[in-house]
>>> print(open('target.txt').read())   # compact mmCIF, C-alpha atoms and all ligand atoms
# COMPACT_ATOMS: atom_id res chain seq x y z
CA MET A 1 85.58 112.16 128.40
CA SER A 2 85.78 113.80 124.97
CA LYS A 3 82.74 113.58 122.77
CA ILE A 4 82.66 111.08 119.91
CA PRO A 5 82.49 112.54 116.37
CA HIS A 6 79.07 113.07 114.86
CA ILE A 7 78.79 112.12 111.16
CA LEU A 8 76.01 113.08 108.79
CA ILE A 9 75.33 110.57 105.98
CA ILE A 10 73.56 111.97 102.93
CA TYR A 11 72.07 109.34 100.67
CA THR A 12 71.43 110.49 97.11
CA GLY A 13 70.99 107.15 95.32
CA GLY A 14 73.19 104.98 93.10
CA THR A 15 73.94 101.27 93.08
CA ILE A 16 74.85 101.27 96.77
CA GLY A 17 71.15 101.57 97.64
CA MET A 18 69.66 99.64 94.76
CA MET A 19 67.84 96.36 94.59
CA LYS A 20 67.23 94.05 91.66
CA ASP A 21 63.71 93.90 90.32
CA TYR A 22 63.73 90.17 89.55
CA LYS A 23 60.87 90.47 87.09
CA THR A 24 62.72 92.87 84.79
CA ASN A 25 66.31 92.29 85.99
CA VAL A 26 66.69 96.09 86.28
CA LEU A 27 68.35 97.79 89.29
CA ARG A 28 66.08 100.29 91.07
CA SER A 29 66.63 102.58 94.07
CA PHE A 30 64.98 101.59 97.33
CA ASP A 31 64.45 103.17 100.72
CA PHE A 32 67.58 104.25 102.58
CA LYS A 33 66.64 102.43 105.77
CA HIS A 34 67.39 99.16 103.98
CA ILE A 35 71.05 100.22 103.73
CA TYR A 36 71.11 100.77 107.46
CA ASN A 37 69.53 97.40 108.12
CA SER A 38 71.92 95.68 105.75
CA ILE A 39 75.02 96.90 107.60
CA PRO A 40 74.35 96.31 111.30
CA GLU A 41 78.08 97.02 111.89
CA LEU A 42 77.21 100.71 111.50
CA ASN A 43 75.85 100.56 115.03
CA HIS A 44 79.29 99.63 116.38
CA LEU A 45 81.34 102.46 114.91
CA ASP A 46 83.06 104.86 117.27
CA CYS A 47 80.96 107.82 116.20
CA SER A 48 77.33 108.86 116.19
CA LEU A 49 75.48 108.75 112.87
CA GLU A 50 72.65 110.76 111.46
CA THR A 51 71.19 109.99 108.05
CA ILE A 52 69.32 112.10 105.54
CA SER A 53 68.04 110.75 102.27
CA PHE A 54 67.00 112.43 99.02
CA GLU A 55 63.23 112.14 98.91
CA GLN A 56 63.61 110.44 95.54
CA PRO A 57 66.98 108.60 95.45
CA ILE A 58 68.32 108.75 91.91
CA ASP A 59 70.68 107.04 89.54
CA SER A 60 73.54 109.50 89.28
CA SER A 61 73.02 109.85 85.53
CA ASN A 62 70.09 112.07 86.48
CA ILE A 63 72.17 114.41 88.66
CA ASN A 64 72.18 118.11 87.79
CA PRO A 65 73.20 121.36 89.53
CA SER A 66 69.95 121.45 91.53
CA HIS A 67 71.03 118.21 93.24
CA TRP A 68 74.49 119.68 93.92
CA ASP A 69 72.65 122.52 95.57
CA SER A 70 70.55 120.11 97.70
CA ILE A 71 73.73 118.34 98.87
CA ALA A 72 75.52 121.62 99.68
CA THR A 73 72.48 123.08 101.44
CA THR A 74 72.12 119.94 103.58
CA ILE A 75 75.81 120.14 104.52
CA GLN A 76 75.45 123.86 105.29
CA SER A 77 72.45 123.39 107.56
CA HIS A 78 74.25 120.67 109.55
CA TYR A 79 77.72 122.14 109.37
CA HIS A 80 78.03 123.20 112.99
CA LYS A 81 76.70 120.07 114.61
CA ALA A 82 78.41 117.46 112.40
CA ASP A 83 82.15 116.71 112.53
CA GLY A 84 82.18 115.13 109.10
CA PHE A 85 79.99 114.18 106.15
CA VAL A 86 79.60 111.06 104.02
CA VAL A 87 77.73 111.39 100.74
CA LEU A 88 76.45 108.16 99.16
CA HIS A 89 76.22 108.71 95.42
CA GLY A 90 76.19 106.70 92.21
CA SER A 91 79.66 106.26 90.83
CA ASP A 92 78.77 107.23 87.24
CA THR A 93 78.84 110.99 87.87
CA MET A 94 80.39 111.01 91.33
CA SER A 95 83.53 112.80 90.14
CA TYR A 96 81.40 115.63 88.71
CA THR A 97 79.28 116.07 91.84
CA ALA A 98 82.19 115.80 94.24
CA SER A 99 84.25 118.26 92.16
CA ALA A 100 81.29 120.66 92.08
CA ILE A 101 80.87 120.46 95.86
CA SER A 102 84.60 121.10 96.32
CA PHE A 103 84.25 124.41 94.44
CA MET A 104 80.95 125.39 96.07
CA ILE A 105 82.40 125.37 99.59
CA GLU A 106 85.27 127.74 100.29
CA ASN A 107 87.46 127.38 103.40
CA LEU A 108 86.08 123.96 104.25
CA ASP A 109 87.47 122.71 107.56
CA LYS A 110 85.67 119.36 107.84
CA PRO A 111 85.77 116.16 105.77
CA ILE A 112 83.20 115.50 103.04
CA ILE A 113 83.70 111.94 101.82
CA PHE A 114 81.82 110.66 98.78
CA THR A 115 81.43 106.94 98.28
CA GLY A 116 79.22 104.38 96.54
CA SER A 117 79.65 100.89 95.20
CA GLN A 118 79.82 98.77 92.08
CA LEU A 119 77.50 96.06 93.47
CA PRO A 120 74.25 96.67 95.34
CA ILE A 121 74.38 96.41 99.09
CA GLY A 122 72.29 93.23 99.17
CA ASP A 123 74.69 91.39 96.85
CA LEU A 124 76.84 88.73 98.51
CA ARG A 125 80.05 90.09 96.97
CA THR A 126 79.16 93.72 97.51
CA ASP A 127 81.85 96.37 97.86
CA ALA A 128 79.30 98.69 99.49
CA LYS A 129 79.96 97.59 103.04
CA GLU A 130 83.72 98.25 103.09
CA ASN A 131 83.37 101.48 101.14
CA MET A 132 80.72 102.86 103.45
CA ILE A 133 82.25 101.79 106.77
CA THR A 134 85.72 103.10 105.90
CA ALA A 135 84.31 106.34 104.45
CA ILE A 136 82.59 106.92 107.80
CA GLU A 137 85.79 106.10 109.70
CA ILE A 138 87.71 108.60 107.57
CA ALA A 139 85.05 111.27 108.09
CA ALA A 140 85.31 110.66 111.84
CA ALA A 141 89.13 110.50 112.01
CA GLN A 142 90.67 113.20 114.18
CA LYS A 143 94.13 114.13 115.45
CA ASN A 144 94.55 116.43 118.48
CA GLY A 145 90.82 117.19 118.36
CA LYS A 146 90.99 118.34 114.73
CA PRO A 147 89.76 116.47 111.62
CA ARG A 148 92.46 114.58 109.68
CA ILE A 149 90.82 115.62 106.42
CA ALA A 150 89.48 119.06 105.56
CA GLU A 151 88.53 118.64 101.93
CA VAL A 152 86.12 116.91 99.57
CA CYS A 153 87.25 113.34 98.80
CA ILE A 154 86.15 110.15 97.15
CA TYR A 155 86.77 106.90 99.03
CA PHE A 156 86.53 103.76 96.90
CA GLU A 157 88.15 100.31 97.07
CA TYR A 158 90.71 101.00 99.83
CA LYS A 159 91.83 104.38 98.50
CA LEU A 160 91.04 107.96 99.43
CA TYR A 161 91.34 110.49 96.60
CA ARG A 162 91.04 114.26 96.31
CA ALA A 163 87.61 114.37 94.64
CA ASN A 164 88.39 117.03 92.05
CA ARG A 165 91.38 114.96 90.83
CA THR A 166 89.37 111.82 90.13
CA THR A 167 87.80 110.24 87.12
CA LYS A 168 85.73 107.09 86.79
CA ILE A 169 87.88 104.49 85.05
CA SER A 170 85.88 101.27 85.20
CA ALA A 171 82.29 100.08 85.09
CA ALA A 172 83.47 96.55 85.85
CA GLN A 173 86.28 96.63 88.43
CA PHE A 174 85.81 97.40 92.11
CA GLN A 175 88.47 100.06 91.65
CA ALA A 176 86.12 102.38 89.81
CA PHE A 177 88.18 105.57 90.20
CA ASP A 178 91.67 106.83 89.68
CA SER A 179 93.49 110.09 90.27
CA PRO A 180 96.03 110.14 87.44
CA ASN A 181 97.67 113.48 88.23
CA TYR A 182 97.61 113.61 92.04
CA PRO A 183 98.68 111.02 94.63
CA ILE A 184 96.17 109.26 96.84
CA LEU A 185 95.46 110.91 100.20
CA ALA A 186 95.07 107.78 102.31
CA GLU A 187 94.98 104.01 102.05
CA SER A 188 93.01 101.49 103.99
CA GLY A 189 94.86 98.33 104.89
CA VAL A 190 95.22 96.74 108.28
CA GLU A 191 95.47 100.37 109.37
CA LEU A 192 94.18 103.57 107.90
CA LYS A 193 97.27 105.35 106.57
CA PHE A 194 97.01 109.08 105.81
CA HIS A 195 99.62 110.63 103.51
CA GLU A 196 99.89 113.94 105.37
CA HIS A 197 101.99 115.74 102.75
CA THR A 198 99.25 115.28 100.13
CA LEU A 199 96.42 116.80 102.19
CA LEU A 200 95.06 120.33 101.94
CA PRO A 201 95.85 122.30 105.12
CA LEU A 202 93.12 123.18 107.67
CA LYS A 203 91.79 126.72 107.19
CA SER A 204 89.69 126.94 110.34
CA SER A 205 90.26 130.67 110.91
CA LYS A 206 88.84 131.67 107.53
CA GLU A 207 85.20 132.42 106.83
CA LEU A 208 83.24 129.46 105.49
CA ILE A 209 81.46 130.36 102.23
CA PHE A 210 78.81 128.31 100.39
CA ARG A 211 78.07 129.28 96.78
CA LYS A 212 75.66 127.88 94.22
CA ILE A 213 76.52 126.53 90.79
CA LEU A 214 73.82 127.55 88.35
CA PRO A 215 73.21 125.74 85.04
CA GLN A 216 75.45 127.33 82.37
CA ASN A 217 75.66 126.99 78.59
CA VAL A 218 79.10 125.43 78.48
CA LEU A 219 80.23 123.12 75.73
CA LEU A 220 82.64 120.19 76.03
CA ILE A 221 84.22 119.24 72.71
CA LYS A 222 86.57 116.31 72.17
CA LEU A 223 88.70 116.75 69.05
CA PHE A 224 89.25 113.82 66.71
CA PRO A 225 91.06 113.55 63.39
CA GLY A 226 88.49 114.31 60.71
CA ILE A 227 86.22 116.55 62.76
CA THR A 228 84.67 118.86 60.20
CA GLU A 229 84.48 122.61 59.92
CA ALA A 230 80.70 122.38 59.53
CA VAL A 231 80.25 120.56 62.84
CA LEU A 232 82.56 122.85 64.81
CA HIS A 233 81.22 125.99 63.16
CA HIS A 234 77.70 125.01 64.14
CA MET A 235 78.62 124.22 67.75
CA PHE A 236 80.55 127.44 68.32
CA GLN A 237 77.71 129.49 66.79
CA MET A 238 75.21 128.56 69.49
CA PRO A 239 73.59 131.88 70.41
CA GLU A 240 73.78 131.59 74.22
CA LEU A 241 77.19 129.92 74.39
CA LYS A 242 79.14 131.04 77.49
CA GLY A 243 82.29 128.95 77.48
CA VAL A 244 84.00 126.02 75.79
CA ILE A 245 86.17 123.23 77.09
CA LEU A 246 88.24 121.77 74.31
CA GLU A 247 89.71 118.30 74.81
CA THR A 248 92.81 118.50 72.67
CA TYR A 249 95.54 115.97 71.89
CA GLY A 250 98.60 115.14 74.01
CA SER A 251 100.06 118.18 75.71
CA GLY A 252 97.30 120.48 74.46
CA ASN A 253 97.80 120.22 70.71
CA ALA A 254 95.23 120.89 67.99
CA PRO A 255 95.09 121.21 64.20
CA THR A 256 96.84 124.25 62.73
CA GLU A 257 94.41 124.54 59.81
CA GLN A 258 93.27 128.13 59.31
CA TRP A 259 89.51 127.39 59.39
CA PHE A 260 89.94 125.78 62.81
CA LEU A 261 92.02 128.59 64.29
CA GLU A 262 89.60 131.14 62.84
CA ILE A 263 86.64 129.54 64.66
CA LEU A 264 88.57 129.76 67.93
CA ARG A 265 89.67 133.35 67.29
CA ASN A 266 86.13 134.51 66.49
CA THR A 267 84.80 132.82 69.62
CA LEU A 268 87.39 134.49 71.85
CA LYS A 269 86.63 137.85 70.20
CA LYS A 270 83.02 137.48 71.37
CA GLY A 271 84.34 137.20 74.95
CA ILE A 272 83.65 133.44 75.16
CA PRO A 273 86.54 131.72 76.97
CA ILE A 274 87.95 128.45 75.65
CA VAL A 275 89.77 126.08 78.00
CA ASP A 276 92.41 123.74 76.60
CA ILE A 277 92.50 120.40 78.44
CA THR A 278 94.09 117.17 77.29
CA GLN A 279 92.13 114.10 76.31
CA CYS A 280 95.03 111.99 77.65
CA PHE A 281 94.23 110.09 80.82
CA ALA A 282 97.34 111.44 82.58
CA GLY A 283 99.73 114.33 82.11
CA SER A 284 99.35 118.01 81.44
CA VAL A 285 98.72 120.60 78.77
CA VAL A 286 101.93 122.52 78.04
CA LEU A 287 100.90 125.33 75.72
CA GLY A 288 103.63 126.30 73.29
CA LYS A 289 105.60 123.08 73.64
CA TYR A 290 104.73 122.09 70.07
CA GLU A 291 103.97 124.27 67.07
CA THR A 292 100.46 122.78 67.18
CA SER A 293 99.69 124.58 70.44
CA LEU A 294 101.70 127.80 70.00
CA GLU A 295 98.87 129.62 68.25
CA LEU A 296 96.45 128.53 70.97
CA LEU A 297 98.74 130.06 73.58
CA GLU A 298 99.11 133.29 71.62
CA MET A 299 95.39 133.75 71.01
CA GLY A 300 94.70 133.40 74.77
CA LEU A 301 93.11 130.01 75.37
CA ILE A 302 92.86 129.13 79.05
CA ASP A 303 95.57 126.67 80.03
CA GLY A 304 93.79 123.71 81.63
CA LYS A 305 97.14 122.18 82.66
CA ASP A 306 96.55 118.79 84.35
CA ILE A 307 92.89 119.29 85.33
CA THR A 308 90.39 116.46 84.79
CA THR A 309 87.44 116.92 82.46
CA GLU A 310 85.07 116.62 85.44
CA ALA A 311 86.85 119.36 87.40
CA ALA A 312 87.17 121.56 84.30
CA VAL A 313 83.43 121.43 83.54
CA THR A 314 82.34 122.10 87.12
CA LYS A 315 85.01 124.76 87.71
CA LEU A 316 83.96 126.70 84.60
CA MET A 317 80.29 126.48 85.64
CA TYR A 318 81.26 127.58 89.15
CA LEU A 319 83.23 130.59 87.93
CA PHE A 320 80.37 131.63 85.61
CA SER A 321 78.00 131.43 88.59
CA ILE A 322 79.85 134.20 90.47
CA PRO A 323 78.96 137.48 88.73
CA GLU A 324 81.66 139.55 90.48
CA ILE A 325 84.39 137.46 88.84
CA GLY A 326 83.81 139.27 85.54
CA GLY A 327 86.92 139.24 83.39
CA ARG A 328 89.06 137.20 85.78
CA ILE A 329 87.91 133.79 84.50
CA LYS A 330 91.25 132.97 82.82
CA ASP A 331 93.34 133.93 85.86
CA LEU A 332 91.13 132.07 88.29
CA PHE A 333 90.79 129.01 86.10
CA GLU A 334 94.56 128.68 85.83
CA THR A 335 94.94 129.08 89.61
CA SER A 336 94.39 126.23 92.05
CA LEU A 337 91.28 127.01 94.12
CA ARG A 338 90.84 123.63 95.85
CA GLY A 339 93.93 121.69 94.81
CA GLU A 340 92.33 120.73 91.48
CA ILE A 341 95.07 121.92 89.15
CA GLY A 342 98.88 121.83 89.14
CA ASN A 343 100.98 124.98 89.43
CA THR A 344 103.10 124.57 86.35
N1 LIG B 401 74.27 103.86 87.57
C1 LIG B 401 74.76 103.95 88.91
C2 LIG B 401 74.83 105.42 89.31
O1 LIG B 401 75.77 106.08 89.01
C3 LIG B 401 76.09 103.30 89.03
C4 LIG B 401 76.69 103.34 90.44
O2 LIG B 401 76.05 103.65 91.41
O3 LIG B 401 77.86 103.03 90.58
O4 LIG B 401 73.90 105.90 89.93
>>> encode(input="target.txt", output="structure tokens")
Amino acid sequence: MSKIPHILIIYTGGTIGMMKDYKTNVLRSFDFKHIYNSIPELNHLDCSLETISFEQPIDSSNINPSHWDSIATTIQSHYHKADGFVVLHGSDTMSYTASAISFMIENLDKPIIFTGSQLPIGDLRTDAKENMITAIEIAAAQKNGKPRIAEVCIYFEYKLYRANRTTKISAAQFQAFDSPNYPILAESGVELKFHEHTLLPLKSSKELIFRKILPQNVLLIKLFPGITEAVLHHMFQMPELKGVILETYGSGNAPTEQWFLEILRNTLKKGIPIVDITQCFAGSVVLGKYETSLELLEMGLIDGKDITTEAAVTKLMYLFSIPEIGGRIKDLFETSLRGEIGNT
């Protein structure tokens, strides 16, 4: 008889494990074992489960790179005995954490499925139960003895997404996430349907590498009509600034005023890369399509193409965390490392 898959569940916090303090009406994290008790169905799944909880479960607004490191280190230390991983995480910053983890692990050949919920597990109408049970089933799914999924994903409200393509779209709907520029990887209906052609291929013969993301002085700036020279000048002058992500308009367009272009030029001259990403929900930067992006192309901004803000921020931090990358930031940023960016 073949052995049943072994799944490690890592509980970091978030609504999924929260309880209402009825005195203050505020949601607070509580002990992970309550989640287990609240879903007795977990005992009937066709896989064995092991659970590890952050000592202090947190609201995901408090997540930082040290927590990404704790998640990655836990996965690394259990990598050989677990067949798949489920990470329970608050939805607010889930796309950032899951994108970060996707970059931190190279040549992944097992599933890492992030999930959470919009309503606490104790709530009658909770979405936590379905999200968690199906996330575990996906992490345990195999075909010919090999995992169906070999990448970092988010499972939420019947859909499986490539994590570094997602963004949180709603604080009110059960469908909290979307993947505007990449199709969904699987759907849960009466059956679990995997869309094979959308999945990253298994790389089991390649060496598995775990890397850290260290805190980096990167700046995320969203342009708006009327943004002043004084504000931008001040931001770009920050002494320890390492890199900038600029959320531009439409297909990567920005003002053509000389003071604006001069700030960008001076920043690039100092060796500080600037990434051009679009503030549109869907679609891609196409540098040089309009006059308002031609100069940006010519001065050497990094083309963020169709990357999400979450993946752009974590990818830039990741690249800065690898000293040997040196001057190859632009090349590597514009190349797909984990399926996070389109090829055009
Ligand atoms: N504030 C919560 C968090 O992100 C929301 C959630 O879990 O969905 O931790």
>>> closest_atom_pairs(input="target.txt", of="chain A", to="ligand LIG 401 (chain B)", cutoff="8 Å", atoms="all atoms listed in the file", output="Markdown table")
| residue | atom | partner | partner_atom | distance |
| --- | --- | --- | --- | --- |
| A:Gly13 | CA | B:LIG401 | O4 | 6.3 |
| A:Gly14 | CA | B:LIG401 | O4 | 3.4 |
| A:Thr15 | CA | B:LIG401 | O2 | 3.6 |
| A:Ile16 | CA | B:LIG401 | O2 | 6.0 |
| A:Ile58 | CA | B:LIG401 | O4 | 6.6 |
| A:Asp59 | CA | B:LIG401 | O4 | 3.4 |
| A:Ser60 | CA | B:LIG401 | O4 | 3.7 |
| A:Ser61 | CA | B:LIG401 | O1 | 5.8 |
| A:His89 | CA | B:LIG401 | O2 | 6.5 |
| A:Gly90 | CA | B:LIG401 | O2 | 3.2 |
| A:Ser91 | CA | B:LIG401 | O3 | 3.7 |
| A:Asp92 | CA | B:LIG401 | O1 | 3.7 |
| A:Thr93 | CA | B:LIG401 | O1 | 5.9 |
| A:Met94 | CA | B:LIG401 | O1 | 7.1 |
| A:Gly116 | CA | B:LIG401 | O2 | 6.1 |
| A:Ser117 | CA | B:LIG401 | O3 | 5.4 |
| A:Gln118 | CA | B:LIG401 | O3 | 4.9 |
| A:Leu119 | CA | B:LIG401 | O3 | 7.6 |
| A:Ala171 | CA | B:LIG401 | O3 | 7.6 |
>>> residues_around(input="target.txt", residues="segment 325-335 of chain A", least_positions_apart="4", cutoff="12 Å", atoms="all atoms listed in the file", output="number ranges by chain")
A: 103, 242-243, 245, 268, 271-277, 285, 300-307, 311-321, 339-344
>>> closest_residue(input="target.txt", among="A:Glu191, A:Asp178, A:Glu262, A:Asp109", to="Glu151 of chain A", atoms="all atoms listed in the file")
A:Asp109
>>> closest_residue(input="target.txt", among="A:Leu219, A:Ile7, A:Leu124, A:Ile39", to="Glu137 of chain A", atoms="all atoms listed in the file")
A:Ile7
>>> atom_distance(input="target.txt", atom1="atom CA of Glu106 of chain A", atom2="atom CA of Ile209 of chain A")
5.0 Å
>>> residues_around(input="target.txt", residues="Gly283 of chain A", least_positions_apart="2", cutoff="9 Å", atoms="only C-alpha atoms", output="number ranges by chain")
A: 180-181, 250-251, 278, 280-281, 285, 305-306
>>> residues_around(input="target.txt", residues="Val152 of chain A", least_positions_apart="3", cutoff="10 Å", atoms="only C-alpha atoms", output="PyMOL selection string")
chain A and resi 85-86+98-103+105+108-114+149+161-164+200+338
>>> closest_residue(input="target.txt", among="A:Phe210, A:Leu8, A:Glu187, A:Ala230", to="Lys81 of chain A", atoms="only C-alpha atoms")
A:Leu8
>>> closest_residue(input="target.txt", among="A:Gly189, A:Pro65, A:Gly122, A:Gly226", to="Met18 of chain A", atoms="only C-alpha atoms")
A:Gly122
>>> residues_around(input="target.txt", residues="Ile133 of chain A", least_positions_apart="3", cutoff="12 Å", atoms="only C-alpha atoms", output="PyMOL selection string")
chain A and resi 7+9+35-36+39-47+49+86+88+113-117+127-130+136-140+155-158+188
>>> decode(input="target.txt", residues="segment 157-181 of chain A", atoms="N, CA, C and O atoms", output="PDB file, in the first residue's frame")
ATOM      1  N   GLU A 157     -11.790  30.800  -1.649  1.00  0.00           N
ATOM      2  CA  GLU A 157     -13.135  30.839  -2.251  1.00  0.00           C
ATOM      3  C   GLU A 157     -13.176  30.085  -3.597  1.00  0.00           C
ATOM      4  O   GLU A 157     -13.479  30.646  -4.632  1.00  0.00           O
ATOM      5  N   TYR A 158     -12.866  28.807  -3.524  1.00  0.00           N
ATOM      6  CA  TYR A 158     -12.995  27.868  -4.656  1.00  0.00           C
ATOM      7  C   TYR A 158     -11.960  28.040  -5.768  1.00  0.00           C
ATOM      8  O   TYR A 158     -12.061  27.391  -6.795  1.00  0.00           O
ATOM      9  N   LYS A 159     -10.988  28.929  -5.582  1.00  0.00           N
ATOM     10  CA  LYS A 159     -10.024  29.129  -6.672  1.00  0.00           C
ATOM     11  C   LYS A 159      -8.589  29.024  -6.159  1.00  0.00           C
ATOM     12  O   LYS A 159      -8.273  29.505  -5.067  1.00  0.00           O
ATOM     13  N   LEU A 160      -7.768  28.405  -7.012  1.00  0.00           N
ATOM     14  CA  LEU A 160      -6.338  28.319  -6.698  1.00  0.00           C
ATOM     15  C   LEU A 160      -5.588  29.259  -7.640  1.00  0.00           C
ATOM     16  O   LEU A 160      -5.755  29.191  -8.861  1.00  0.00           O
ATOM     17  N   TYR A 161      -4.770  30.147  -7.049  1.00  0.00           N
ATOM     18  CA  TYR A 161      -4.044  31.140  -7.839  1.00  0.00           C
ATOM     19  C   TYR A 161      -2.539  30.947  -7.670  1.00  0.00           C
ATOM     20  O   TYR A 161      -2.080  30.519  -6.612  1.00  0.00           O
ATOM     21  N   ARG A 162      -1.780  31.354  -8.696  1.00  0.00           N
ATOM     22  CA  ARG A 162      -0.327  31.495  -8.480  1.00  0.00           C
ATOM     23  C   ARG A 162      -0.154  32.684  -7.541  1.00  0.00           C
ATOM     24  O   ARG A 162      -0.586  33.814  -7.847  1.00  0.00           O
ATOM     25  N   ALA A 163       0.516  32.451  -6.399  1.00  0.00           N
ATOM     26  CA  ALA A 163       0.552  33.466  -5.337  1.00  0.00           C
ATOM     27  C   ALA A 163       1.110  34.797  -5.815  1.00  0.00           C
ATOM     28  O   ALA A 163       0.556  35.860  -5.505  1.00  0.00           O
ATOM     29  N   ASN A 164       2.211  34.741  -6.574  1.00  0.00           N
ATOM     30  CA  ASN A 164       2.856  36.006  -6.955  1.00  0.00           C
ATOM     31  C   ASN A 164       2.128  36.720  -8.097  1.00  0.00           C
ATOM     32  O   ASN A 164       2.639  37.688  -8.643  1.00  0.00           O
ATOM     33  N   ARG A 165       0.935  36.240  -8.462  1.00  0.00           N
ATOM     34  CA  ARG A 165       0.094  36.927  -9.445  1.00  0.00           C
ATOM     35  C   ARG A 165      -1.142  37.526  -8.786  1.00  0.00           C
ATOM     36  O   ARG A 165      -2.001  38.087  -9.464  1.00  0.00           O
ATOM     37  N   THR A 166      -1.248  37.373  -7.461  1.00  0.00           N
ATOM     38  CA  THR A 166      -2.488  37.768  -6.798  1.00  0.00           C
ATOM     39  C   THR A 166      -2.415  39.151  -6.165  1.00  0.00           C
ATOM     40  O   THR A 166      -1.347  39.683  -5.881  1.00  0.00           O
ATOM     41  N   THR A 167      -3.614  39.653  -5.904  1.00  0.00           N
ATOM     42  CA  THR A 167      -3.747  40.891  -5.157  1.00  0.00           C
ATOM     43  C   THR A 167      -5.046  40.804  -4.369  1.00  0.00           C
ATOM     44  O   THR A 167      -5.994  40.161  -4.815  1.00  0.00           O
ATOM     45  N   LYS A 168      -5.073  41.397  -3.189  1.00  0.00           N
ATOM     46  CA  LYS A 168      -6.315  41.367  -2.413  1.00  0.00           C
ATOM     47  C   LYS A 168      -7.269  42.394  -3.011  1.00  0.00           C
ATOM     48  O   LYS A 168      -6.896  43.555  -3.180  1.00  0.00           O
ATOM     49  N   ILE A 169      -8.487  41.972  -3.334  1.00  0.00           N
ATOM     50  CA  ILE A 169      -9.408  42.884  -4.010  1.00  0.00           C
ATOM     51  C   ILE A 169     -10.610  43.265  -3.154  1.00  0.00           C
ATOM     52  O   ILE A 169     -11.346  44.172  -3.494  1.00  0.00           O
ATOM     53  N   SER A 170     -10.851  42.534  -2.056  1.00  0.00           N
ATOM     54  CA  SER A 170     -12.047  42.875  -1.286  1.00  0.00           C
ATOM     55  C   SER A 170     -11.875  42.566   0.199  1.00  0.00           C
ATOM     56  O   SER A 170     -11.347  41.520   0.572  1.00  0.00           O
ATOM     57  N   ALA A 171     -12.340  43.510   1.009  1.00  0.00           N
ATOM     58  CA  ALA A 171     -12.349  43.292   2.458  1.00  0.00           C
ATOM     59  C   ALA A 171     -13.736  42.828   2.889  1.00  0.00           C
ATOM     60  O   ALA A 171     -13.988  42.606   4.064  1.00  0.00           O
ATOM     61  N   ALA A 172     -14.643  42.699   1.911  1.00  0.00           N
ATOM     62  CA  ALA A 172     -16.030  42.384   2.243  1.00  0.00           C
ATOM     63  C   ALA A 172     -16.530  41.086   1.624  1.00  0.00           C
ATOM     64  O   ALA A 172     -17.340  40.383   2.217  1.00  0.00           O
ATOM     65  N   GLN A 173     -16.049  40.767   0.414  1.00  0.00           N
ATOM     66  CA  GLN A 173     -16.547  39.569  -0.276  1.00  0.00           C
ATOM     67  C   GLN A 173     -15.738  38.345   0.136  1.00  0.00           C
ATOM     68  O   GLN A 173     -14.556  38.461   0.466  1.00  0.00           O
ATOM     69  N   PHE A 174     -16.342  37.166   0.028  1.00  0.00           N
ATOM     70  CA  PHE A 174     -15.568  35.948   0.297  1.00  0.00           C
ATOM     71  C   PHE A 174     -14.462  35.777  -0.740  1.00  0.00           C
ATOM     72  O   PHE A 174     -13.416  35.248  -0.453  1.00  0.00           O
ATOM     73  N   GLN A 175     -14.737  36.220  -1.983  1.00  0.00           N
ATOM     74  CA  GLN A 175     -13.635  36.200  -2.954  1.00  0.00           C
ATOM     75  C   GLN A 175     -12.741  37.403  -2.684  1.00  0.00           C
ATOM     76  O   GLN A 175     -12.947  38.498  -3.210  1.00  0.00           O
ATOM     77  N   ALA A 176     -11.739  37.183  -1.846  1.00  0.00           N
ATOM     78  CA  ALA A 176     -10.878  38.274  -1.405  1.00  0.00           C
ATOM     79  C   ALA A 176      -9.742  38.555  -2.371  1.00  0.00           C
ATOM     80  O   ALA A 176      -9.135  39.615  -2.315  1.00  0.00           O
ATOM     81  N   PHE A 177      -9.444  37.590  -3.256  1.00  0.00           N
ATOM     82  CA  PHE A 177      -8.272  37.733  -4.131  1.00  0.00           C
ATOM     83  C   PHE A 177      -8.657  37.636  -5.598  1.00  0.00           C
ATOM     84  O   PHE A 177      -9.681  37.068  -5.957  1.00  0.00           O
ATOM     85  N   ASP A 178      -7.770  38.161  -6.412  1.00  0.00           N
ATOM     86  CA  ASP A 178      -7.901  37.956  -7.856  1.00  0.00           C
ATOM     87  C   ASP A 178      -6.496  37.890  -8.440  1.00  0.00           C
ATOM     88  O   ASP A 178      -5.505  38.285  -7.797  1.00  0.00           O
ATOM     89  N   SER A 179      -6.425  37.361  -9.643  1.00  0.00           N
ATOM     90  CA  SER A 179      -5.158  37.246 -10.353  1.00  0.00           C
ATOM     91  C   SER A 179      -5.407  37.845 -11.741  1.00  0.00           C
ATOM     92  O   SER A 179      -5.733  37.130 -12.683  1.00  0.00           O
ATOM     93  N   PRO A 180      -5.326  39.173 -11.845  1.00  0.00           N
ATOM     94  CA  PRO A 180      -5.807  39.839 -13.056  1.00  0.00           C
ATOM     95  C   PRO A 180      -5.027  39.493 -14.318  1.00  0.00           C
ATOM     96  O   PRO A 180      -5.574  39.550 -15.404  1.00  0.00           O
ATOM     97  N   ASN A 181      -3.759  39.143 -14.169  1.00  0.00           N
ATOM     98  CA  ASN A 181      -2.939  38.936 -15.379  1.00  0.00           C
ATOM     99  C   ASN A 181      -2.487  37.495 -15.590  1.00  0.00           C
ATOM    100  O   ASN A 181      -1.611  37.246 -16.423  1.00  0.00           O
TER     101      ASN A 181
END
